[in-house]
Each structure stands twice: as C-alpha cells, then as structure tokens.
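start24.pdb (PDB, C-alpha atoms and all ligand atoms) appears below.
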```pdb
ATOM      1  CA  MET A   1      76.784  33.169 -58.124  1.00  0.00           C
ATOM      2  CA  TRP A   2      78.032  29.653 -58.609  1.00  0.00           C
ATOM      3  CA  ILE A   3      79.199  27.976 -61.782  1.00  0.00           C
ATOM      4  CA  TYR A   4      78.510  24.242 -61.876  1.00  0.00           C
ATOM      5  CA  GLU A   5      81.228  21.966 -63.187  1.00  0.00           C
ATOM      6  CA  LYS A   6      79.806  18.640 -64.295  1.00  0.00           C
ATOM      7  CA  LYS A   7      82.345  16.387 -62.609  1.00  0.00           C
ATOM      8  CA  LEU A   8      83.040  15.203 -59.107  1.00  0.00           C
ATOM      9  CA  GLU A   9      85.938  16.705 -57.150  1.00  0.00           C
ATOM     10  CA  HIS A  10      87.356  13.192 -56.728  1.00  0.00           C
ATOM     11  CA  PRO A  11      86.210   9.888 -58.271  1.00  0.00           C
ATOM     12  CA  VAL A  12      83.572   7.980 -56.313  1.00  0.00           C
ATOM     13  CA  ARG A  13      83.770   4.233 -56.801  1.00  0.00           C
ATOM     14  CA  VAL A  14      82.670   1.127 -54.924  1.00  0.00           C
ATOM     15  CA  SER A  15      83.653  -2.506 -55.466  1.00  0.00           C
ATOM     16  CA  CYS A  16      80.077  -3.684 -55.009  1.00  0.00           C
ATOM     17  CA  PRO A  17      76.792  -2.382 -53.552  1.00  0.00           C
ATOM     18  CA  ASP A  18      76.561  -2.528 -49.765  1.00  0.00           C
ATOM     19  CA  VAL A  19      73.277  -1.256 -48.320  1.00  0.00           C
ATOM     20  CA  LYS A  20      74.452  -1.693 -44.752  1.00  0.00           C
ATOM     21  CA  PHE A  21      77.392   0.613 -45.370  1.00  0.00           C
ATOM     22  CA  ALA A  22      75.197   3.097 -47.270  1.00  0.00           C
ATOM     23  CA  LYS A  23      73.114   3.374 -44.102  1.00  0.00           C
ATOM     24  CA  MET A  24      76.264   4.479 -42.265  1.00  0.00           C
ATOM     25  CA  VAL A  25      77.546   6.839 -44.964  1.00  0.00           C
ATOM     26  CA  ILE A  26      74.232   8.743 -45.056  1.00  0.00           C
ATOM     27  CA  SER A  27      75.358  10.348 -41.809  1.00  0.00           C
ATOM     28  CA  GLN A  28      77.812  12.480 -43.791  1.00  0.00           C
ATOM     29  CA  TYR A  29      74.929  13.572 -46.012  1.00  0.00           C
ATOM     30  CA  GLY A  30      72.403  14.763 -43.436  1.00  0.00           C
ATOM     31  CA  GLY A  31      74.024  14.191 -40.054  1.00  0.00           C
ATOM     32  CA  PRO A  32      75.224  16.837 -37.593  1.00  0.00           C
ATOM     33  CA  ASP A  33      78.819  16.761 -38.842  1.00  0.00           C
ATOM     34  CA  GLY A  34      77.955  16.001 -42.458  1.00  0.00           C
ATOM     35  CA  GLU A  35      78.598  17.910 -45.646  1.00  0.00           C
ATOM     36  CA  LEU A  36      75.228  19.698 -45.814  1.00  0.00           C
ATOM     37  CA  SER A  37      75.825  21.100 -42.335  1.00  0.00           C
ATOM     38  CA  ALA A  38      79.342  22.173 -43.268  1.00  0.00           C
ATOM     39  CA  SER A  39      78.424  23.894 -46.537  1.00  0.00           C
ATOM     40  CA  LEU A  40      75.462  25.817 -45.103  1.00  0.00           C
ATOM     41  CA  ARG A  41      77.374  26.794 -41.960  1.00  0.00           C
ATOM     42  CA  TYR A  42      80.275  28.378 -43.836  1.00  0.00           C
ATOM     43  CA  ILE A  43      78.329  29.942 -46.700  1.00  0.00           C
ATOM     44  CA  ASN A  44      76.078  31.592 -44.103  1.00  0.00           C
ATOM     45  CA  GLN A  45      78.789  32.704 -41.666  1.00  0.00           C
ATOM     46  CA  ARG A  46      80.804  34.410 -44.394  1.00  0.00           C
ATOM     47  CA  TYR A  47      78.568  37.484 -44.288  1.00  0.00           C
ATOM     48  CA  SER A  48      79.617  38.501 -40.792  1.00  0.00           C
ATOM     49  CA  MET A  49      83.346  37.917 -41.229  1.00  0.00           C
ATOM     50  CA  PRO A  50      85.295  41.172 -40.767  1.00  0.00           C
ATOM     51  CA  THR A  51      87.811  40.916 -43.614  1.00  0.00           C
ATOM     52  CA  ASP A  52      87.608  40.124 -47.309  1.00  0.00           C
ATOM     53  CA  THR A  53      90.061  37.239 -46.935  1.00  0.00           C
ATOM     54  CA  ALA A  54      87.933  35.667 -44.175  1.00  0.00           C
ATOM     55  CA  LYS A  55      84.785  36.064 -46.294  1.00  0.00           C
ATOM     56  CA  ALA A  56      86.603  34.485 -49.246  1.00  0.00           C
ATOM     57  CA  LEU A  57      87.846  31.543 -47.188  1.00  0.00           C
ATOM     58  CA  LEU A  58      84.379  30.772 -45.823  1.00  0.00           C
ATOM     59  CA  THR A  59      82.920  31.032 -49.332  1.00  0.00           C
ATOM     60  CA  ASP A  60      85.622  28.782 -50.817  1.00  0.00           C
ATOM     61  CA  ILE A  61      85.384  26.088 -48.156  1.00  0.00           C
ATOM     62  CA  GLY A  62      81.568  26.242 -48.052  1.00  0.00           C
ATOM     63  CA  THR A  63      81.518  25.756 -51.810  1.00  0.00           C
ATOM     64  CA  GLU A  64      83.921  22.818 -51.595  1.00  0.00           C
ATOM     65  CA  GLU A  65      81.722  21.229 -48.911  1.00  0.00           C
ATOM     66  CA  MET A  66      78.830  21.336 -51.404  1.00  0.00           C
ATOM     67  CA  ALA A  67      81.034  19.393 -53.792  1.00  0.00           C
ATOM     68  CA  HIS A  68      81.669  16.917 -50.968  1.00  0.00           C
ATOM     69  CA  MET A  69      77.920  16.575 -50.406  1.00  0.00           C
ATOM     70  CA  GLU A  70      77.706  15.670 -54.073  1.00  0.00           C
ATOM     71  CA  MET A  71      80.394  13.009 -53.579  1.00  0.00           C
ATOM     72  CA  ILE A  72      78.573  11.531 -50.575  1.00  0.00           C
ATOM     73  CA  ALA A  73      75.350  11.466 -52.599  1.00  0.00           C
ATOM     74  CA  ALA A  74      77.146   9.593 -55.381  1.00  0.00           C
ATOM     75  CA  LEU A  75      78.669   7.174 -52.872  1.00  0.00           C
ATOM     76  CA  VAL A  76      75.339   6.343 -51.197  1.00  0.00           C
ATOM     77  CA  TYR A  77      73.665   6.016 -54.575  1.00  0.00           C
ATOM     78  CA  LYS A  78      76.312   3.533 -55.753  1.00  0.00           C
ATOM     79  CA  LEU A  79      76.141   1.569 -52.509  1.00  0.00           C
ATOM     80  CA  VAL A  80      72.386   0.978 -52.968  1.00  0.00           C
ATOM     81  CA  ASP A  81      72.564   0.413 -56.719  1.00  0.00           C
ATOM     82  CA  GLY A  82      70.257  -2.454 -57.691  1.00  0.00           C
ATOM     83  CA  ALA A  83      69.183  -3.138 -54.104  1.00  0.00           C
ATOM     84  CA  CYS A  84      65.710  -4.652 -53.636  1.00  0.00           C
ATOM     85  CA  PRO A  85      63.387  -4.260 -50.627  1.00  0.00           C
ATOM     86  CA  GLU A  86      64.830  -7.450 -49.128  1.00  0.00           C
ATOM     87  CA  ASP A  87      68.325  -5.962 -49.279  1.00  0.00           C
ATOM     88  CA  PHE A  88      67.138  -2.859 -47.418  1.00  0.00           C
ATOM     89  CA  LYS A  89      65.397  -5.046 -44.825  1.00  0.00           C
ATOM     90  CA  ALA A  90      68.482  -7.204 -44.387  1.00  0.00           C
ATOM     91  CA  ALA A  91      70.524  -4.046 -43.783  1.00  0.00           C
ATOM     92  CA  GLY A  92      68.041  -2.768 -41.197  1.00  0.00           C
ATOM     93  CA  TRP A  93      67.281   0.203 -43.454  1.00  0.00           C
ATOM     94  CA  GLU A  94      63.733  -0.625 -44.539  1.00  0.00           C
ATOM     95  CA  GLY A  95      62.566   2.858 -43.448  1.00  0.00           C
ATOM     96  CA  GLN A  96      64.704   4.283 -46.240  1.00  0.00           C
ATOM     97  CA  TRP A  97      63.055   1.968 -48.741  1.00  0.00           C
ATOM     98  CA  VAL A  98      59.506   2.700 -47.606  1.00  0.00           C
ATOM     99  CA  GLN A  99      59.876   6.475 -47.530  1.00  0.00           C
ATOM    100  CA  HIS A 100      62.506   7.184 -50.178  1.00  0.00           C
ATOM    101  CA  ASP A 101      63.147   4.049 -52.293  1.00  0.00           C
ATOM    102  CA  HIS A 102      66.601   4.715 -53.860  1.00  0.00           C
ATOM    103  CA  GLY A 103      66.176   8.458 -53.425  1.00  0.00           C
ATOM    104  CA  LEU A 104      68.405  10.406 -51.106  1.00  0.00           C
ATOM    105  CA  PHE A 105      67.223  12.167 -47.991  1.00  0.00           C
ATOM    106  CA  TRP A 106      69.091  14.222 -45.379  1.00  0.00           C
ATOM    107  CA  THR A 107      69.175  12.101 -42.267  1.00  0.00           C
ATOM    108  CA  ASP A 108      71.849  10.893 -39.937  1.00  0.00           C
ATOM    109  CA  VAL A 109      72.756   7.239 -39.454  1.00  0.00           C
ATOM    110  CA  ASN A 110      69.861   6.825 -37.006  1.00  0.00           C
ATOM    111  CA  GLY A 111      67.273   8.283 -39.383  1.00  0.00           C
ATOM    112  CA  VAL A 112      67.075  11.634 -37.602  1.00  0.00           C
ATOM    113  CA  PRO A 113      66.319  14.294 -40.238  1.00  0.00           C
ATOM    114  CA  TRP A 114      68.708  17.183 -40.789  1.00  0.00           C
ATOM    115  CA  THR A 115      67.993  20.258 -38.701  1.00  0.00           C
ATOM    116  CA  ALA A 116      69.338  23.814 -38.705  1.00  0.00           C
ATOM    117  CA  LYS A 117      70.156  23.211 -35.037  1.00  0.00           C
ATOM    118  CA  TYR A 118      73.299  21.459 -36.300  1.00  0.00           C
ATOM    119  CA  ILE A 119      74.752  24.766 -37.402  1.00  0.00           C
ATOM    120  CA  ALA A 120      75.283  28.103 -35.715  1.00  0.00           C
ATOM    121  CA  CYS A 121      76.147  31.678 -36.513  1.00  0.00           C
ATOM    122  CA  LEU A 122      76.857  33.965 -33.602  1.00  0.00           C
ATOM    123  CA  GLY A 123      78.081  36.794 -35.808  1.00  0.00           C
ATOM    124  CA  ASP A 124      81.259  36.921 -33.766  1.00  0.00           C
ATOM    125  CA  PRO A 125      84.201  35.908 -35.975  1.00  0.00           C
ATOM    126  CA  ILE A 126      86.213  34.353 -33.153  1.00  0.00           C
ATOM    127  CA  ALA A 127      83.286  32.243 -31.923  1.00  0.00           C
ATOM    128  CA  ASP A 128      82.287  31.247 -35.452  1.00  0.00           C
ATOM    129  CA  LEU A 129      85.781  30.349 -36.661  1.00  0.00           C
ATOM    130  CA  THR A 130      86.361  28.330 -33.496  1.00  0.00           C
ATOM    131  CA  GLU A 131      83.114  26.461 -34.158  1.00  0.00           C
ATOM    132  CA  ASP A 132      84.263  25.812 -37.718  1.00  0.00           C
ATOM    133  CA  MET A 133      87.511  24.303 -36.487  1.00  0.00           C
ATOM    134  CA  ALA A 134      85.590  21.994 -34.140  1.00  0.00           C
ATOM    135  CA  ALA A 135      83.219  21.062 -36.978  1.00  0.00           C
ATOM    136  CA  GLU A 136      86.164  20.027 -39.153  1.00  0.00           C
ATOM    137  CA  GLN A 137      87.560  17.841 -36.385  1.00  0.00           C
ATOM    138  CA  LYS A 138      84.172  16.171 -35.881  1.00  0.00           C
ATOM    139  CA  ALA A 139      83.884  15.520 -39.617  1.00  0.00           C
ATOM    140  CA  ARG A 140      87.459  14.178 -39.637  1.00  0.00           C
ATOM    141  CA  ALA A 141      86.668  11.759 -36.795  1.00  0.00           C
ATOM    142  CA  THR A 142      83.415  10.627 -38.453  1.00  0.00           C
ATOM    143  CA  TYR A 143      85.279   9.830 -41.666  1.00  0.00           C
ATOM    144  CA  GLU A 144      87.780   7.788 -39.649  1.00  0.00           C
ATOM    145  CA  HIS A 145      84.862   5.803 -38.197  1.00  0.00           C
ATOM    146  CA  LEU A 146      83.467   5.180 -41.682  1.00  0.00           C
ATOM    147  CA  ILE A 147      86.858   4.172 -43.116  1.00  0.00           C
ATOM    148  CA  ALA A 148      87.196   1.642 -40.288  1.00  0.00           C
ATOM    149  CA  ALA A 149      83.704   0.287 -40.986  1.00  0.00           C
ATOM    150  CA  THR A 150      84.322  -0.934 -44.554  1.00  0.00           C
ATOM    151  CA  ASP A 151      86.707  -3.357 -46.249  1.00  0.00           C
ATOM    152  CA  ASP A 152      85.999  -1.931 -49.700  1.00  0.00           C
ATOM    153  CA  PRO A 153      89.259  -0.341 -50.952  1.00  0.00           C
ATOM    154  CA  LEU A 154      87.445   1.850 -53.489  1.00  0.00           C
ATOM    155  CA  ALA A 155      85.010   3.237 -50.933  1.00  0.00           C
ATOM    156  CA  LYS A 156      87.936   3.767 -48.572  1.00  0.00           C
ATOM    157  CA  ASP A 157      89.727   5.804 -51.257  1.00  0.00           C
ATOM    158  CA  THR A 158      86.741   8.157 -51.578  1.00  0.00           C
ATOM    159  CA  LEU A 159      86.428   8.527 -47.820  1.00  0.00           C
ATOM    160  CA  ARG A 160      90.158   9.067 -47.361  1.00  0.00           C
ATOM    161  CA  PHE A 161      90.050  11.951 -49.842  1.00  0.00           C
ATOM    162  CA  LEU A 162      87.214  13.567 -47.893  1.00  0.00           C
ATOM    163  CA  TRP A 163      89.064  12.927 -44.612  1.00  0.00           C
ATOM    164  CA  GLN A 164      92.145  14.675 -45.975  1.00  0.00           C
ATOM    165  CA  ARG A 165      90.141  17.733 -47.014  1.00  0.00           C
ATOM    166  CA  GLU A 166      88.729  18.068 -43.473  1.00  0.00           C
ATOM    167  CA  VAL A 167      92.281  18.138 -42.125  1.00  0.00           C
ATOM    168  CA  VAL A 168      93.235  20.871 -44.610  1.00  0.00           C
ATOM    169  CA  HIS A 169      90.100  22.895 -43.804  1.00  0.00           C
ATOM    170  CA  PHE A 170      90.909  22.713 -40.092  1.00  0.00           C
ATOM    171  CA  GLN A 171      94.378  24.129 -40.813  1.00  0.00           C
ATOM    172  CA  ARG A 172      92.988  26.915 -43.017  1.00  0.00           C
ATOM    173  CA  PHE A 173      90.428  27.926 -40.369  1.00  0.00           C
ATOM    174  CA  GLY A 174      93.176  27.931 -37.729  1.00  0.00           C
ATOM    175  CA  GLU A 175      95.299  30.275 -39.851  1.00  0.00           C
ATOM    176  CA  MET A 176      92.288  32.522 -40.422  1.00  0.00           C
ATOM    177  CA  LEU A 177      91.493  32.606 -36.711  1.00  0.00           C
ATOM    178  CA  ASN A 178      94.997  33.964 -36.027  1.00  0.00           C
ATOM    179  CA  GLU A 179      94.686  36.454 -38.881  1.00  0.00           C
ATOM    180  CA  VAL A 180      91.312  37.742 -37.702  1.00  0.00           C
ATOM    181  CA  GLN A 181      92.522  38.008 -34.114  1.00  0.00           C
ATOM    182  CA  ASP A 182      95.483  40.103 -35.317  1.00  0.00           C
ATOM    183  CA  TRP A 183      93.178  42.247 -37.426  1.00  0.00           C
ATOM    184  CA  MET A 184      90.874  42.866 -34.469  1.00  0.00           C
ATOM    185  CA  ALA A 185      93.797  43.687 -32.183  1.00  0.00           C
ATOM    186  CA  ASN A 186      95.286  46.170 -34.651  1.00  0.00           C
ATOM    187  CA  SER A 187      92.158  47.620 -36.184  1.00  0.00           C
ATOM    188  CA  LYS A 188      91.168  51.128 -35.196  1.00  0.00           C
ATOM    189  CA  HIS A 189      87.687  50.455 -36.538  1.00  0.00           C
ATOM    190  CA  MET A 190      85.012  49.255 -34.215  1.00  0.00           C
ATOM    191  CA  TRP A 191      83.887  45.774 -35.213  1.00  0.00           C
ATOM    192  CA  MET A 192      80.747  45.984 -37.375  1.00  0.00           C
ATOM    193  CA  GLY A 193      80.283  49.556 -36.128  1.00  0.00           C
ATOM    194  CA  HIS A 194      78.468  48.527 -32.970  1.00  0.00           C
ATOM    195  CA  ARG A 195      81.092  46.997 -30.723  1.00  0.00           C
ATOM    196  CA  PRO A 196      81.616  49.244 -27.699  1.00  0.00           C
ATOM    197  CA  GLU A 197      85.151  50.387 -26.994  1.00  0.00           C
ATOM    198  CA  LYS A 198      86.756  48.822 -23.978  1.00  0.00           C
TER     199      LYS A 198
HETATM  200 FE    FE B   1      85.504  20.433 -44.391  1.00  0.00          FE
END
```
How does the structure come out when it is put into structure tokens?
Ligand SMILES: [Fe+2]
Amino acid sequence: MWIYEKKLEHPVRVSCPDVKFAKMVISQYGGPDGELSASLRYINQRYSMPTDTAKALLTDIGTEEMAHMEMIAALVYKLVDGACPEDFKAAGWEGQWVQHDHGLFWTDVNGVPWTAKYIACLGDPIADLTEDMAAEQKARATYEHLIAATDDPLAKDTLRFLWQREVVHFQRFGEMLNEVQDWMANSKHMWMGHRPEK
C-alpha cells in the first residue's frame, strides 16, 4: 500500500518554457534508464530478495523513483507550458504534438515507446542487485548529459537533485550487494528452498 503525499520531493522550476529541452528530458520519463524503468524494476525485484532489509531497500528506492517520475513529468510539463504547434515543429517534436498535444507519454528522446525489455528480473539477488547498480550509473550519466544540455539554472537545479539521488542509490545498492553476499555465504538455508547444495 502506498500513501500519496501531495507535494514533489524537490521543487521543479524552469526559467522559461523550452520545447527542445523537453524533448530531451522525456528520455528520463520513458527511456531505458528513466524513472519509470527504475521504479518498476525495483518494486518488482523486491519479491525475490532473500532478506527483509533487501526487500525494504528495493521497496524504498522503487517508491522514491516513482516520486522522481513525478518530478520529470512536472519538468516536461513546465517546459512545454504554453507551446503552440509551431513551437513543437521548431523543436523537431511535432510527433509529440500530433499524438499527445501537451499530454505526457512514455517514450525516449527518439520517440521509442517504453518497453518492459528495459527492465529485468532474474530472481537471483546478486544478478539483480548488480543490474540495479548499473542502472543507477546509467541514470547518473544521462542526468549529466541533460545538465550539460541546458543553460537554465532552475532546470539544472532539478536535474542536479535527481543526479545526486542516483549516486546515493548506487551506494545503497552496493552496500546491499555486500550484505546479501555475506548472508548467502553464512546462511545454512538453501536459497528460496530450491538452490542445490554445492
Ligand atoms: Fe535511482
């Protein structure tokens, strides 16, 4: 169960609308390393984690990624505020206008729709936590690309906050990977009851 708090995790502001930049930011909404991918990946993987602390971490970070998806939605929405069809055409994003107007849709920067192929769940905690660490690094790098692509200090502030959270998540997943590896090495229980003894 989730309880919705009617505020953003961090303020989302822009100095002025910028459709061209919105077209880039949408990648963190529905792209491979975006916030939808992150939230669904972690909230799904939590079920096959072997310890309560690992389940809790995946749930916590997956939930926070949903809040980040909300921030990206707010950012894109503000960047296209008041834009007319000509503005979308000038930004090379007329496909967005024709199919979605000012509505949001999960695509990457090239218009490729979100797919479950972006996420994985092997059911093996080592494989899954390692994937999560890589995912955080890819999200971190994408935010660095976006920060470099705008001169708007307010948009940069929003993106820097999200960048910082990816760095923290990477550290948390790294700590959990060590913890789970220790647990597996010391546990007398067979993993999930079906792992053959070596
Ligand atoms: Fe993250």
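Shortest atom-to-atom contact with ligand FE 1 (chain B) among A:Arg41, A:His145, A:Lys78, A:His102: A:Arg41, counting all atoms listed in the file.
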Let me have all residues with an atom within 7 Å of ligand FE 1 (chain B), counting only C-alpha atoms and all ligand atoms, laid out as a ChimeraX atom specification.
/A:38,61,65,136,165-166,169
Considering only C-alpha atoms, can you say which of A:Gly92, A:Pro113, A:Pro125, A:Gly30 comes closest to Glu70 (chain A)?
A:Gly30
What's the separation between CA of His100 (chain A) and CA of Thr63 (chain A), in Å to one decimal place?
26.6 Å
d(CA of Asp132 (chain A), CA of Pro32 (chain A)) in Å
12.7 Å
Counting all atoms listed in the file, which residue out of A:Leu57, A:Ala120, A:Leu129, A:Ile26 sits closest to Thr107 (chain A)?
A:Ile26
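Restricting the calculation to all atoms listed in the file, the smallest distance between Ala139 (chain A) and any of A:Asp33, A:Glu9, A:Asp151, A:Asp101 is found for A:Asp33.
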Could you tell me which residues the PyMOL selection byres (((chain A and resi 84) around 12) and not hetatm) returns for this structure, as number ranges by chain?
A: 17-19, 80-83, 85-91, 93-94, 96-98, 101-102
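Closest to Leu146 (chain A) among A:Tyr118, A:Phe161, A:Trp183, A:Phe21 is A:Phe21, based on only C-alpha atoms.
Proximity ranking of A:Asp182, A:Asp52, A:Asp157, A:Asp108 relative to Leu75 (chain A) places A:Asp157 first, based on only C-alpha atoms.
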Excluding same-chain residues fewer than 6 positions from Gln137 (chain A), what lies within 12 Å of it counting only C-alpha atoms, as a PDB file with C-alpha atoms, in the frame of the given file?
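For reference, around_10.pdb as written:
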```
ATOM      1  CA  ASP A  33      78.819  16.761 -38.842  1.00  0.00           C
ATOM      2  CA  GLY A  34      77.955  16.001 -42.458  1.00  0.00           C
ATOM      3  CA  ALA A  38      79.342  22.173 -43.268  1.00  0.00           C
ATOM      4  CA  THR A 130      86.361  28.330 -33.496  1.00  0.00           C
ATOM      5  CA  GLU A 131      83.114  26.461 -34.158  1.00  0.00           C
ATOM      6  CA  TYR A 143      85.279   9.830 -41.666  1.00  0.00           C
ATOM      7  CA  GLU A 144      87.780   7.788 -39.649  1.00  0.00           C
ATOM      8  CA  TRP A 163      89.064  12.927 -44.612  1.00  0.00           C
ATOM      9  CA  GLN A 164      92.145  14.675 -45.975  1.00  0.00           C
ATOM     10  CA  ARG A 165      90.141  17.733 -47.014  1.00  0.00           C
ATOM     11  CA  GLU A 166      88.729  18.068 -43.473  1.00  0.00           C
ATOM     12  CA  VAL A 167      92.281  18.138 -42.125  1.00  0.00           C
ATOM     13  CA  VAL A 168      93.235  20.871 -44.610  1.00  0.00           C
ATOM     14  CA  HIS A 169      90.100  22.895 -43.804  1.00  0.00           C
ATOM     15  CA  PHE A 170      90.909  22.713 -40.092  1.00  0.00           C
ATOM     16  CA  GLN A 171      94.378  24.129 -40.813  1.00  0.00           C
ATOM     17  CA  PHE A 173      90.428  27.926 -40.369  1.00  0.00           C
ATOM     18  CA  GLY A 174      93.176  27.931 -37.729  1.00  0.00           C
TER      19      GLY A 174
END
```
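Of note, CA of Cys16 (chain A) and CA of Asp152 (chain A) are spaced 8.1 Å apart.
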What box, with edges along x, y and z, holds each listed atom of region 118-131 of chain A when 4 Å is added on every side, and can you state its centre and edge lengths in Å to one decimal, as AutoDock Vina command-line options?
```
--center_x 79.8 --center_y 29.2 --center_z -34.7 --size_x 21.1 --size_y 23.5 --size_z 13.5
```
Quick one: residues within 9 Å of Pro11 (chain A), only C-alpha atoms, excluding same-chain residues fewer than 3 positions away - as a list in words?
Lys7, Leu8, Met71, Asp157 and Thr158 of chain A
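Near Lys55 (chain A), within a cut-off of 12 Å and counting only C-alpha atoms, sit the residues Tyr42, Ile43, Asn44, Gln45, Arg46, Tyr47, Ser48, Met49, Pro50, Thr51, Thr59, Asp60, Ile61, Gly62, Pro125, Leu129, Phe173, Met176 and Val180 of chain A, with same-chain residues fewer than 4 positions away left out.
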Output the selection as an mmCIF file, keeping the file's coordinate frame - C-alpha atoms for each residue.
```cif
data_model
loop_
_atom_site.group_PDB
_atom_site.id
_atom_site.type_symbol
_atom_site.label_atom_id
_atom_site.label_comp_id
_atom_site.auth_asym_id
_atom_site.auth_seq_id
_atom_site.Cartn_x
_atom_site.Cartn_y
_atom_site.Cartn_z
ATOM 1 C CA TYR A 42 80.275 28.378 -43.836
ATOM 2 C CA ILE A 43 78.329 29.942 -46.700
ATOM 3 C CA ASN A 44 76.078 31.592 -44.103
ATOM 4 C CA GLN A 45 78.789 32.704 -41.666
ATOM 5 C CA ARG A 46 80.804 34.410 -44.394
ATOM 6 C CA TYR A 47 78.568 37.484 -44.288
ATOM 7 C CA SER A 48 79.617 38.501 -40.792
ATOM 8 C CA MET A 49 83.346 37.917 -41.229
ATOM 9 C CA PRO A 50 85.295 41.172 -40.767
ATOM 10 C CA THR A 51 87.811 40.916 -43.614
ATOM 11 C CA THR A 59 82.920 31.032 -49.332
ATOM 12 C CA ASP A 60 85.622 28.782 -50.817
ATOM 13 C CA ILE A 61 85.384 26.088 -48.156
ATOM 14 C CA GLY A 62 81.568 26.242 -48.052
ATOM 15 C CA PRO A 125 84.201 35.908 -35.975
ATOM 16 C CA LEU A 129 85.781 30.349 -36.661
ATOM 17 C CA PHE A 173 90.428 27.926 -40.369
ATOM 18 C CA MET A 176 92.288 32.522 -40.422
ATOM 19 C CA VAL A 180 91.312 37.742 -37.702
#
```
